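Peer 1: Okay, so here is coords16.csv, and as you'll see once you scroll down, it has CSV, C-alpha atoms and all ligand atoms.
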chain,number,residue,atom,x,y,z
A,1,MET,CA,-59.0,41.8,-9.0
A,2,SER,CA,-61.8,43.4,-7.1
A,3,ARG,CA,-63.9,43.0,-10.3
A,4,TRP,CA,-64.1,39.2,-9.9
A,5,LEU,CA,-63.2,38.5,-6.3
A,6,PRO,CA,-65.9,39.6,-3.9
A,7,GLY,CA,-64.6,41.3,-0.8
A,8,PHE,CA,-61.4,42.5,-2.5
A,9,PRO,CA,-60.7,46.2,-2.2
A,10,ASP,CA,-61.1,48.5,-5.2
A,11,ALA,CA,-58.1,49.1,-7.3
A,12,ALA,CA,-57.7,52.8,-7.5
A,13,SER,CA,-54.0,53.6,-8.0
A,14,THR,CA,-51.4,53.1,-10.7
A,15,VAL,CA,-49.7,50.3,-8.8
A,16,ALA,CA,-52.8,48.4,-7.7
A,17,ASP,CA,-53.0,46.2,-10.7
A,18,GLN,CA,-49.3,45.3,-10.5
A,19,VAL,CA,-49.6,44.4,-6.8
A,20,ASP,CA,-52.6,42.3,-7.5
A,21,ALA,CA,-50.9,40.5,-10.4
A,22,LEU,CA,-48.0,39.6,-8.1
A,23,PHE,CA,-50.4,38.6,-5.3
A,24,LEU,CA,-52.3,36.4,-7.8
A,25,PHE,CA,-49.1,34.8,-9.0
A,26,LEU,CA,-48.1,33.9,-5.4
A,27,VAL,CA,-51.5,32.5,-4.6
A,28,VAL,CA,-51.7,30.4,-7.8
A,29,THR,CA,-48.1,29.0,-7.6
A,30,SER,CA,-48.5,28.2,-3.9
A,31,THR,CA,-51.8,26.5,-4.5
A,32,VAL,CA,-50.4,24.4,-7.4
A,33,ILE,CA,-47.3,23.4,-5.4
A,34,THR,CA,-49.4,22.5,-2.3
A,35,LEU,CA,-51.9,20.5,-4.4
A,36,GLY,CA,-49.0,18.8,-6.1
A,37,ILE,CA,-47.4,17.8,-2.8
A,38,PHE,CA,-50.6,16.5,-1.3
A,39,ILE,CA,-51.6,14.5,-4.5
A,40,CYS,CA,-48.2,12.9,-4.6
A,41,LEU,CA,-48.4,12.1,-0.9
A,42,ILE,CA,-51.8,10.4,-1.2
A,43,VAL,CA,-50.9,8.6,-4.5
A,44,PHE,CA,-47.6,7.3,-3.2
A,45,ALA,CA,-49.1,6.2,0.1
A,46,ILE,CA,-51.5,4.0,-1.7
A,47,ARG,CA,-49.2,2.9,-4.6
A,48,PHE,CA,-46.3,2.0,-2.4
A,49,ARG,CA,-48.1,0.7,0.7
A,50,ARG,CA,-46.8,-2.4,2.6
A,51,ARG,CA,-48.1,-5.5,0.9
A,52,PRO,CA,-47.5,-9.3,1.6
A,53,GLY,CA,-44.3,-10.3,-0.2
A,54,ASN,CA,-43.0,-6.7,-0.3
A,55,GLU,CA,-42.7,-5.8,3.4
A,56,VAL,CA,-39.5,-3.8,3.4
A,57,ALA,CA,-38.7,-0.8,1.2
A,58,ARG,CA,-35.6,-0.9,-1.1
A,59,GLN,CA,-33.2,1.9,0.1
A,60,ILE,CA,-31.6,4.1,-2.5
A,61,ALA,CA,-28.3,5.7,-1.5
A,62,GLY,CA,-28.4,9.2,-3.0
A,63,SER,CA,-28.8,10.5,-6.6
A,64,TRP,CA,-27.1,13.8,-7.5
A,65,LYS,CA,-29.4,14.2,-10.5
A,66,LEU,CA,-32.4,14.1,-8.3
A,67,GLU,CA,-30.9,16.4,-5.7
A,68,VAL,CA,-29.9,19.0,-8.3
A,69,THR,CA,-33.3,18.9,-9.9
A,70,TRP,CA,-35.2,19.4,-6.6
A,71,THR,CA,-32.9,22.3,-5.7
A,72,ALA,CA,-32.8,24.0,-9.1
A,73,ILE,CA,-36.5,24.0,-9.8
A,74,PRO,CA,-37.7,25.5,-6.5
A,75,LEU,CA,-34.8,28.0,-6.7
A,76,CYS,CA,-35.9,29.3,-10.1
A,77,LEU,CA,-39.5,29.4,-8.9
A,78,ALA,CA,-38.6,31.4,-5.8
A,79,LEU,CA,-36.4,33.8,-7.9
A,80,VAL,CA,-39.4,34.8,-10.0
A,81,PRO,CA,-41.4,36.5,-7.2
A,82,PHE,CA,-38.1,37.8,-5.8
A,83,PHE,CA,-37.1,39.8,-8.9
A,84,TRP,CA,-40.8,40.7,-9.7
A,85,GLY,CA,-41.4,41.9,-6.1
A,86,ALA,CA,-38.1,43.8,-5.8
A,87,ASN,CA,-38.7,45.6,-9.1
A,88,LEU,CA,-42.2,46.6,-8.0
A,89,TYR,CA,-40.9,47.6,-4.6
A,90,PHE,CA,-38.3,50.0,-6.1
A,91,ASP,CA,-41.0,51.5,-8.3
A,92,MET,CA,-43.2,52.0,-5.3
A,93,SER,CA,-40.5,53.6,-3.2
A,94,THR,CA,-39.2,56.0,-5.9
A,95,PRO,CA,-41.6,58.9,-6.4
A,96,PRO,CA,-41.8,60.2,-10.0
A,97,PRO,CA,-40.9,63.8,-10.7
A,98,GLY,CA,-43.6,66.4,-10.3
A,99,THR,CA,-45.3,65.1,-7.1
A,100,LEU,CA,-47.7,67.0,-5.1
A,101,ASP,CA,-46.1,67.1,-1.6
A,102,VAL,CA,-48.4,66.8,1.3
A,103,HIS,CA,-47.4,66.5,5.0
A,104,LEU,CA,-49.1,64.0,7.2
A,105,VAL,CA,-48.8,63.9,11.0
A,106,ALA,CA,-50.2,60.9,12.9
A,107,ARG,CA,-51.0,60.8,16.5
A,108,GLN,CA,-53.2,58.8,18.9
A,109,TRP,CA,-55.7,58.6,17.2
A,110,MET,CA,-56.0,60.8,14.2
A,111,TRP,CA,-54.4,61.7,10.9
A,112,LYS,CA,-53.6,65.3,10.2
A,113,SER,CA,-52.7,66.3,6.7
A,114,GLU,CA,-51.4,69.6,5.4
A,115,HIS,CA,-51.2,70.7,1.8
A,116,PRO,CA,-48.4,73.0,0.6
A,117,ASP,CA,-50.8,76.0,0.5
A,118,GLY,CA,-51.8,75.4,4.1
A,119,GLN,CA,-55.1,73.6,3.8
A,120,SER,CA,-55.2,71.2,6.6
A,121,GLU,CA,-57.5,68.3,7.3
A,122,ILE,CA,-58.2,65.8,10.0
A,123,ASP,CA,-58.8,62.2,9.1
A,124,GLU,CA,-59.3,63.2,5.5
A,125,LEU,CA,-56.9,63.7,2.6
A,126,HIS,CA,-58.0,65.2,-0.6
A,127,VAL,CA,-55.9,64.4,-3.7
A,128,PRO,CA,-56.2,65.0,-7.4
A,129,VAL,CA,-56.7,62.0,-9.7
A,130,GLY,CA,-53.8,61.4,-12.2
A,131,GLN,CA,-51.1,63.4,-10.3
A,132,PRO,CA,-48.5,61.6,-8.2
A,133,VAL,CA,-48.9,62.6,-4.5
A,134,ARG,CA,-45.9,62.2,-2.1
A,135,LEU,CA,-46.6,62.2,1.6
A,136,THR,CA,-43.9,63.1,4.1
A,137,MET,CA,-45.1,61.5,7.3
A,138,ILE,CA,-44.1,61.6,11.0
A,139,SER,CA,-45.8,60.5,14.2
A,140,GLN,CA,-46.1,62.6,17.3
A,141,ASP,CA,-46.2,59.7,19.7
A,142,VAL,CA,-46.0,55.9,18.8
A,143,ILE,CA,-45.6,54.0,15.6
A,144,HIS,CA,-48.6,54.1,13.3
A,145,SER,CA,-48.9,52.8,9.7
A,146,PHE,CA,-50.5,54.6,6.8
A,147,TYR,CA,-52.6,52.1,4.8
A,148,VAL,CA,-54.9,52.7,1.9
A,149,PRO,CA,-56.0,49.3,0.7
A,150,ALA,CA,-57.5,50.6,-2.6
A,151,PHE,CA,-54.1,52.1,-3.5
A,152,ARG,CA,-52.2,49.1,-2.3
A,153,VAL,CA,-49.8,51.3,-0.3
A,154,LYS,CA,-48.8,50.8,3.3
A,155,THR,CA,-45.9,52.6,5.1
A,156,ASP,CA,-45.1,52.9,8.8
A,157,VAL,CA,-45.3,56.4,10.3
A,158,LEU,CA,-42.6,56.7,12.9
A,159,PRO,CA,-41.9,59.1,15.8
A,160,GLY,CA,-38.8,61.2,15.3
A,161,ARG,CA,-38.2,60.2,11.7
A,162,TYR,CA,-39.8,61.1,8.4
A,163,SER,CA,-41.0,58.4,6.1
A,164,THR,CA,-42.5,58.9,2.7
A,165,VAL,CA,-45.0,57.1,0.5
A,166,TRP,CA,-46.3,58.1,-3.0
A,167,PHE,CA,-49.3,57.1,-5.1
A,168,THR,CA,-51.2,58.2,-8.1
A,169,ALA,CA,-55.0,57.8,-7.8
A,170,THR,CA,-56.6,56.6,-11.0
A,171,SER,CA,-60.3,57.2,-10.3
A,172,ALA,CA,-62.3,59.6,-8.3
A,173,GLY,CA,-63.9,58.3,-5.1
A,174,ARG,CA,-63.6,58.0,-1.3
A,175,TYR,CA,-61.2,55.4,-0.2
A,176,ARG,CA,-60.6,54.1,3.4
A,177,LEU,CA,-57.4,55.2,5.1
A,178,GLU,CA,-56.6,52.8,7.9
A,179,CYS,CA,-53.9,52.6,10.6
A,180,ALA,CA,-52.2,49.3,10.2
A,181,GLU,CA,-50.0,49.2,13.3
A,182,TYR,CA,-51.4,48.6,16.7
A,183,CYS,CA,-51.0,52.0,18.4
A,184,GLY,CA,-53.2,51.8,21.6
A,185,THR,CA,-56.8,51.6,22.8
A,186,ASP,CA,-58.4,53.3,19.8
A,187,HIS,CA,-56.1,51.9,17.1
A,188,SER,CA,-59.1,50.3,15.4
A,189,GLN,CA,-60.9,53.7,15.3
A,190,MET,CA,-57.9,55.4,13.7
A,191,LEU,CA,-59.7,55.6,10.3
A,192,GLY,CA,-60.0,58.3,7.7
A,193,TRP,CA,-60.8,58.8,4.1
A,194,VAL,CA,-58.7,59.6,1.1
A,195,VAL,CA,-60.8,61.6,-1.3
A,196,ALA,CA,-59.6,61.4,-4.9
A,197,MET,CA,-61.0,64.2,-7.0
A,198,ASP,CA,-60.8,65.2,-10.7
A,199,PRO,CA,-58.1,67.9,-11.0
A,200,ALA,CA,-60.6,70.7,-11.6
A,201,ASP,CA,-62.7,69.7,-8.6
A,202,PHE,CA,-59.5,69.4,-6.5
A,203,ALA,CA,-58.4,72.9,-7.6
A,204,ASN,CA,-61.9,74.2,-6.5
A,205,TRP,CA,-61.6,72.4,-3.2
A,206,LEU,CA,-58.2,73.9,-2.5
A,207,GLY,CA,-59.6,77.4,-3.4
A,208,THR,CA,-62.5,77.0,-0.9
A,209,GLN,CA,-60.2,76.3,2.0
A,210,GLY,CA,-58.5,79.7,2.0
A,211,THR,CA,-55.5,79.7,4.2
A,212,GLN,CA,-51.9,80.6,4.5
A,213,SER,CA,-49.2,78.5,2.8
A,214,LEU,CA,-47.0,76.3,5.0
A,215,ALA,CA,-43.9,78.2,3.9
A,216,SER,CA,-45.4,81.5,5.1
A,217,GLN,CA,-46.5,80.0,8.3
A,218,GLY,CA,-43.0,78.7,8.7
A,219,GLU,CA,-41.5,82.1,8.0
A,220,ARG,CA,-43.7,83.7,10.6
A,221,LEU,CA,-42.6,81.0,13.1
A,222,PHE,CA,-39.0,81.5,12.1
A,223,GLN,CA,-39.3,85.2,13.2
A,224,GLN,CA,-41.3,84.5,16.3
A,225,LEU,CA,-38.7,82.0,17.5
A,226,GLY,CA,-36.0,84.5,16.8
A,227,CYS,CA,-34.2,82.2,14.4
A,228,ASN,CA,-33.4,85.2,12.2
A,229,GLY,CA,-31.4,86.7,15.1
A,230,CYS,CA,-28.6,84.3,14.3
A,231,HIS,CA,-29.3,83.0,10.8
A,232,ARG,CA,-28.7,86.4,9.0
A,233,ALA,CA,-26.6,87.8,6.3
A,234,ASP,CA,-24.8,90.6,8.0
A,235,SER,CA,-21.8,90.7,10.4
A,236,LEU,CA,-24.0,89.8,13.4
A,237,ALA,CA,-24.6,86.3,11.9
A,238,ARG,CA,-23.9,83.6,14.4
A,239,ALA,CA,-25.3,80.7,12.3
A,240,PRO,CA,-25.2,79.8,8.6
A,241,MET,CA,-27.5,81.4,6.1
A,242,LEU,CA,-30.4,79.2,5.1
A,243,GLU,CA,-31.1,80.7,1.7
A,244,GLY,CA,-30.3,78.3,-1.1
A,245,LEU,CA,-29.6,75.5,1.5
A,246,TYR,CA,-32.4,73.0,0.8
A,247,GLY,CA,-31.2,69.9,-1.1
A,248,ARG,CA,-27.6,71.0,-1.2
A,249,PRO,CA,-24.6,69.3,0.4
A,250,VAL,CA,-23.5,70.7,3.8
A,251,ARG,CA,-20.0,70.3,5.2
A,252,LEU,CA,-20.0,69.5,8.9
A,253,GLN,CA,-17.4,70.2,11.6
A,254,ASP,CA,-16.1,66.6,11.6
A,255,GLY,CA,-15.4,66.9,7.8
A,256,SER,CA,-18.3,64.8,6.7
A,257,GLN,CA,-20.9,65.9,4.3
A,258,VAL,CA,-24.7,65.6,4.5
A,259,VAL,CA,-27.5,66.7,2.1
A,260,ALA,CA,-29.8,69.3,3.6
A,261,ASP,CA,-33.0,67.3,3.2
A,262,ASP,CA,-36.1,67.2,5.4
A,263,ALA,CA,-34.5,64.7,7.9
A,264,TYR,CA,-31.3,66.9,8.2
A,265,ILE,CA,-33.3,70.1,8.8
A,266,ARG,CA,-35.5,68.4,11.4
A,267,ALA,CA,-32.5,67.0,13.2
A,268,SER,CA,-30.9,70.4,13.2
A,269,ILE,CA,-33.9,71.9,14.8
A,270,VAL,CA,-34.5,69.3,17.5
A,271,ASN,CA,-30.9,68.3,18.1
A,272,PRO,CA,-28.7,71.1,16.7
A,273,SER,CA,-25.4,70.1,18.4
A,274,ALA,CA,-25.3,66.7,16.8
A,275,GLN,CA,-24.4,68.0,13.3
A,276,VAL,CA,-22.7,71.4,13.5
A,277,VAL,CA,-21.9,73.1,10.2
A,278,ASP,CA,-18.2,73.6,9.5
A,279,GLY,CA,-17.0,77.0,10.7
A,280,TRP,CA,-19.7,77.7,13.2
A,281,GLN,CA,-20.0,77.3,17.0
A,282,PRO,CA,-22.5,74.9,18.5
A,283,ILE,CA,-24.6,77.6,20.2
A,284,MET,CA,-28.0,76.9,18.9
A,285,PRO,CA,-30.5,75.8,21.6
A,286,THR,CA,-32.6,72.7,21.0
A,287,PHE,CA,-36.2,73.0,20.1
A,288,GLN,CA,-37.0,69.5,21.2
A,289,GLY,CA,-40.4,69.4,22.8
A,290,GLN,CA,-41.1,73.1,22.1
A,291,LEU,CA,-42.5,72.6,18.6
A,292,SER,CA,-45.2,70.4,17.3
A,293,GLU,CA,-44.3,68.2,14.3
A,294,GLU,CA,-46.6,70.4,12.2
A,295,GLN,CA,-44.5,73.5,13.2
A,296,VAL,CA,-41.2,71.6,12.4
A,297,LEU,CA,-42.7,70.8,9.0
A,298,ASP,CA,-43.7,74.4,8.5
A,299,LEU,CA,-40.2,75.5,9.2
A,300,ILE,CA,-38.9,72.9,6.7
A,301,ALA,CA,-41.4,74.2,4.1
A,302,TYR,CA,-40.1,77.7,4.7
A,303,ILE,CA,-36.4,76.7,4.3
A,304,ARG,CA,-37.4,74.8,1.2
A,305,SER,CA,-39.2,77.8,-0.2
A,306,ILE,CA,-36.0,79.9,0.1
A,307,GLY,CA,-33.9,77.0,-1.2
A,308,PRO,CA,-32.6,76.7,-4.8
A,309,ASP,CA,-35.3,77.4,-7.4
A,310,PRO,CA,-36.6,73.9,-8.3
A,311,GLY,CA,-36.8,74.9,-12.0
A,312,ALA,CA,-33.2,76.0,-12.1
A,313,PRO,CA,-30.4,73.8,-13.4
A,314,PRO,CA,-28.6,71.9,-10.7
A,315,PRO,CA,-26.1,74.1,-8.9
A,316,ALA,CA,-22.4,73.8,-9.5
A,317,PRO,CA,-20.7,72.2,-6.6
A,318,ARG,CA,-19.7,74.7,-4.0
A,319,PRO,CA,-15.9,75.3,-4.0
A,320,SER,CA,-14.5,73.3,-1.2
A,321,PRO,CA,-13.2,75.4,1.7
A,322,PRO,CA,-9.5,75.9,2.1
A,323,PRO,CA,-7.8,73.0,4.0
A,324,ARG,CA,-8.5,73.3,7.7
A,325,PRO,CA,-5.5,73.9,9.9
A,326,PRO,CA,-4.7,71.0,12.2
A,327,LEU,CA,-6.8,71.0,15.3
A,328,ALA,CA,-5.4,73.2,18.1
A,329,PRO,CA,-4.4,71.3,21.2
A,330,THR,CA,-7.5,70.7,23.4
A,331,GLY,CA,-8.1,73.3,26.1
A,332,SER,CA,-7.3,76.4,24.0
A,333,PRO,CA,-10.3,78.7,23.9
A,334,PRO,CA,-11.8,79.5,20.5
A,335,PRO,CA,-10.7,82.9,19.1
A,401,LIG,CU1,-52.4,54.4,14.8
A,401,LIG,CU2,-52.9,52.1,14.9
Let me see the structure of the file written as structure tokens.
Peer 2:
Amino acid sequence: MSRWLPGFPDAASTVADQVDALFLFLVVTSTVITLGIFICLIVFAIRFRRRPGNEVARQIAGSWKLEVTWTAIPLCLALVPFFWGANLYFDMSTPPPGTLDVHLVARQWMWKSEHPDGQSEIDELHVPVGQPVRLTMISQDVIHSFYVPAFRVKTDVLPGRYSTVWFTATSAGRYRLECAEYCGTDHSQMLGWVVAMDPADFANWLGTQGTQSLASQGERLFQQLGCNGCHRADSLARAPMLEGLYGRPVRLQDGSQVVADDAYIRASIVNPSAQVVDGWQPIMPTFQGQLSEEQVLDLIAYIRSIGPDPGAPPPAPRPSPPPRPPLAPTGSPPP
């Protein structure tokens, strides 16, 4: 669309043309309907105006054919963008396999991105052309919104909760990254660039940054914080093992099951007593306020790195534990 409509942003992602087509459809149909209404209004006002000898209009008391027609036609018209938009929305919210996973932390007033191998950037995000990129995003303070007009993607970045967005850049270039949610004094200055590069250039760029992978930073943090004092394999373990955990179902004390995804692991770090794993005591201290969001993401990257091998076939479901004895009467101390 940018090719023939001045002022329209570039179209530089795989979904951009589809979003533009839907946008164009909505603009054209609304224009046609609005024009139709106004033309009828003017023509009827002239054609059926009050004239001598025909002062009072003839009243018509209902016509089911007319009513069905003016209900059915707009309904069908409205369902077209509904199904079209829903279809596109599902496409845009389901990342394809083989994404490059990048972490993005927003705060007043900057964007900080971190690549899996540890390259971090402020107000910039380098991505390869042609490969789907998935961002796992969180805010350290208020609500921000990640918006790249050229990619036609916009997703809110929330405090305390991960949100994700994915895109595939289609041509190399620098594209504006904007914050699209009012987030305080310098909201309008919360700008950055997404730099889409040819895969070879991108690999070069990654190589020049030279740093430590997020997973190994997370592993170091895991030891510094003493997590390995409880999460261990031997008889001194006071917390479940984390090897092979990522992405697998976990059985909780209340009998429910959750999948050990990013959100679950983050919640287990900042609010450990909310979801206690079946068979363990709720003794883990909270790390709320002690870790930056980047550090939490590093820990998640570490737990992910010791999770099931992504190339391996899906694991057989873990055998369900033996039936639990009925709960002891309250007040009795744990053994
Ligand atoms: Cu961040 Cu507006």
Peer 1: Please identify every residue of range 155-232 of chain A that has at least one atom no farther than 10 Å from an atom of range 262-284 of chain A, counting all atoms listed in the file, and for each give the shortest atom pair and the distance in Å to one decimal, arranged by chain then increasing number, as JSON lines.
Peer 2:
{"residue": "A:Gly160", "atom": "CA", "partner": "A:Ala267", "partner_atom": "CA", "distance": 8.8}
{"residue": "A:Arg161", "atom": "CA", "partner": "A:Ala263", "partner_atom": "CA", "distance": 7.0}
{"residue": "A:Tyr162", "atom": "CA", "partner": "A:Ala263", "partner_atom": "CA", "distance": 6.4}
{"residue": "A:Ser163", "atom": "CA", "partner": "A:Ala263", "partner_atom": "CA", "distance": 9.2}
{"residue": "A:Cys227", "atom": "CA", "partner": "A:Met284", "partner_atom": "CA", "distance": 9.3}
{"residue": "A:Cys230", "atom": "CA", "partner": "A:Met284", "partner_atom": "CA", "distance": 8.7}
Peer 1: For a test of reading the model, state the distance in Å between CA of Leu299 in chain A and CA of Val157 in chain A, rounded to one decimal.
Peer 2: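 A separation of 19.8 Å between them.
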Peer 1: Neighbouring residues of ligand LIG 401 (chain A) are defined here as those with any atom at most 10 Å from a ligand atom, counting all atoms listed in the file; list them as number ranges by chain.
Peer 2: A: 106-111, 139, 141-146, 156-157, 178-191
Peer 1: Rank A:Arg152, A:His231, A:Arg51, A:Lys112 by their smallest atom-to-atom distance to Asp20 in chain A, using all atoms listed in the file, and report the top residue only.
Peer 2: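 Among the listed residues, A:Arg152 lies closest to Asp20 in chain A.
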Peer 1: Could you name the residues that touch Ile306 in chain A at 8 Å or less, counting all atoms listed in the file, but leaving out those on the same chain fewer than 4 positions away, as a PyMOL selection string?
Peer 2: chain A and resi 242-246+302
Peer 1: Those selected residues, please, written with C-alpha atoms and delivered as a CSV table (one decimal), keeping the file's coordinate frame.
Peer 2:
chain,number,residue,atom,x,y,z
A,242,LEU,CA,-30.4,79.2,5.1
A,243,GLU,CA,-31.1,80.7,1.7
A,244,GLY,CA,-30.3,78.3,-1.1
A,245,LEU,CA,-29.6,75.5,1.5
A,246,TYR,CA,-32.4,73.0,0.8
A,302,TYR,CA,-40.1,77.7,4.7
Peer 1: Please compute the CA of Leu214 in chain A-CA of Gln131 in chain A distance, one decimal, in Å.
Peer 2: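 Computed distance, CA of Leu214 in chain A to CA of Gln131 in chain A, equals 20.4 Å.
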Peer 1: Please compute the CA of Ser305 in chain A-CA of Leu100 in chain A distance, one decimal, in Å.
Peer 2: 14.6 Å
Peer 1: Point out the residue among A:Ser63, A:Thr155, A:Thr136, A:Ser120 with the least atom-to-atom distance to Thr99 in chain A, counting all atoms listed in the file.
Peer 2: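 Closest residue, counting all atoms listed in the file: A:Thr136.
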Peer 1: Of the residues A:Val27, A:Ile60, A:Ile303, A:Ala233, which is the one nearest to Ala260 in chain A, using all atoms listed in the file?
Peer 2: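 Counting all atoms listed in the file, the residue closest to Ala260 in chain A is A:Ile303.
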Peer 1: Using only C-alpha atoms, can you tell me which of A:Trp64, A:Arg58, A:Arg251, A:Phe25 comes closest to Phe82 in chain A?
Peer 2: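 Between A:Trp64, A:Arg58, A:Arg251, A:Phe25, the residue approaching Phe82 in chain A most closely is A:Phe25.
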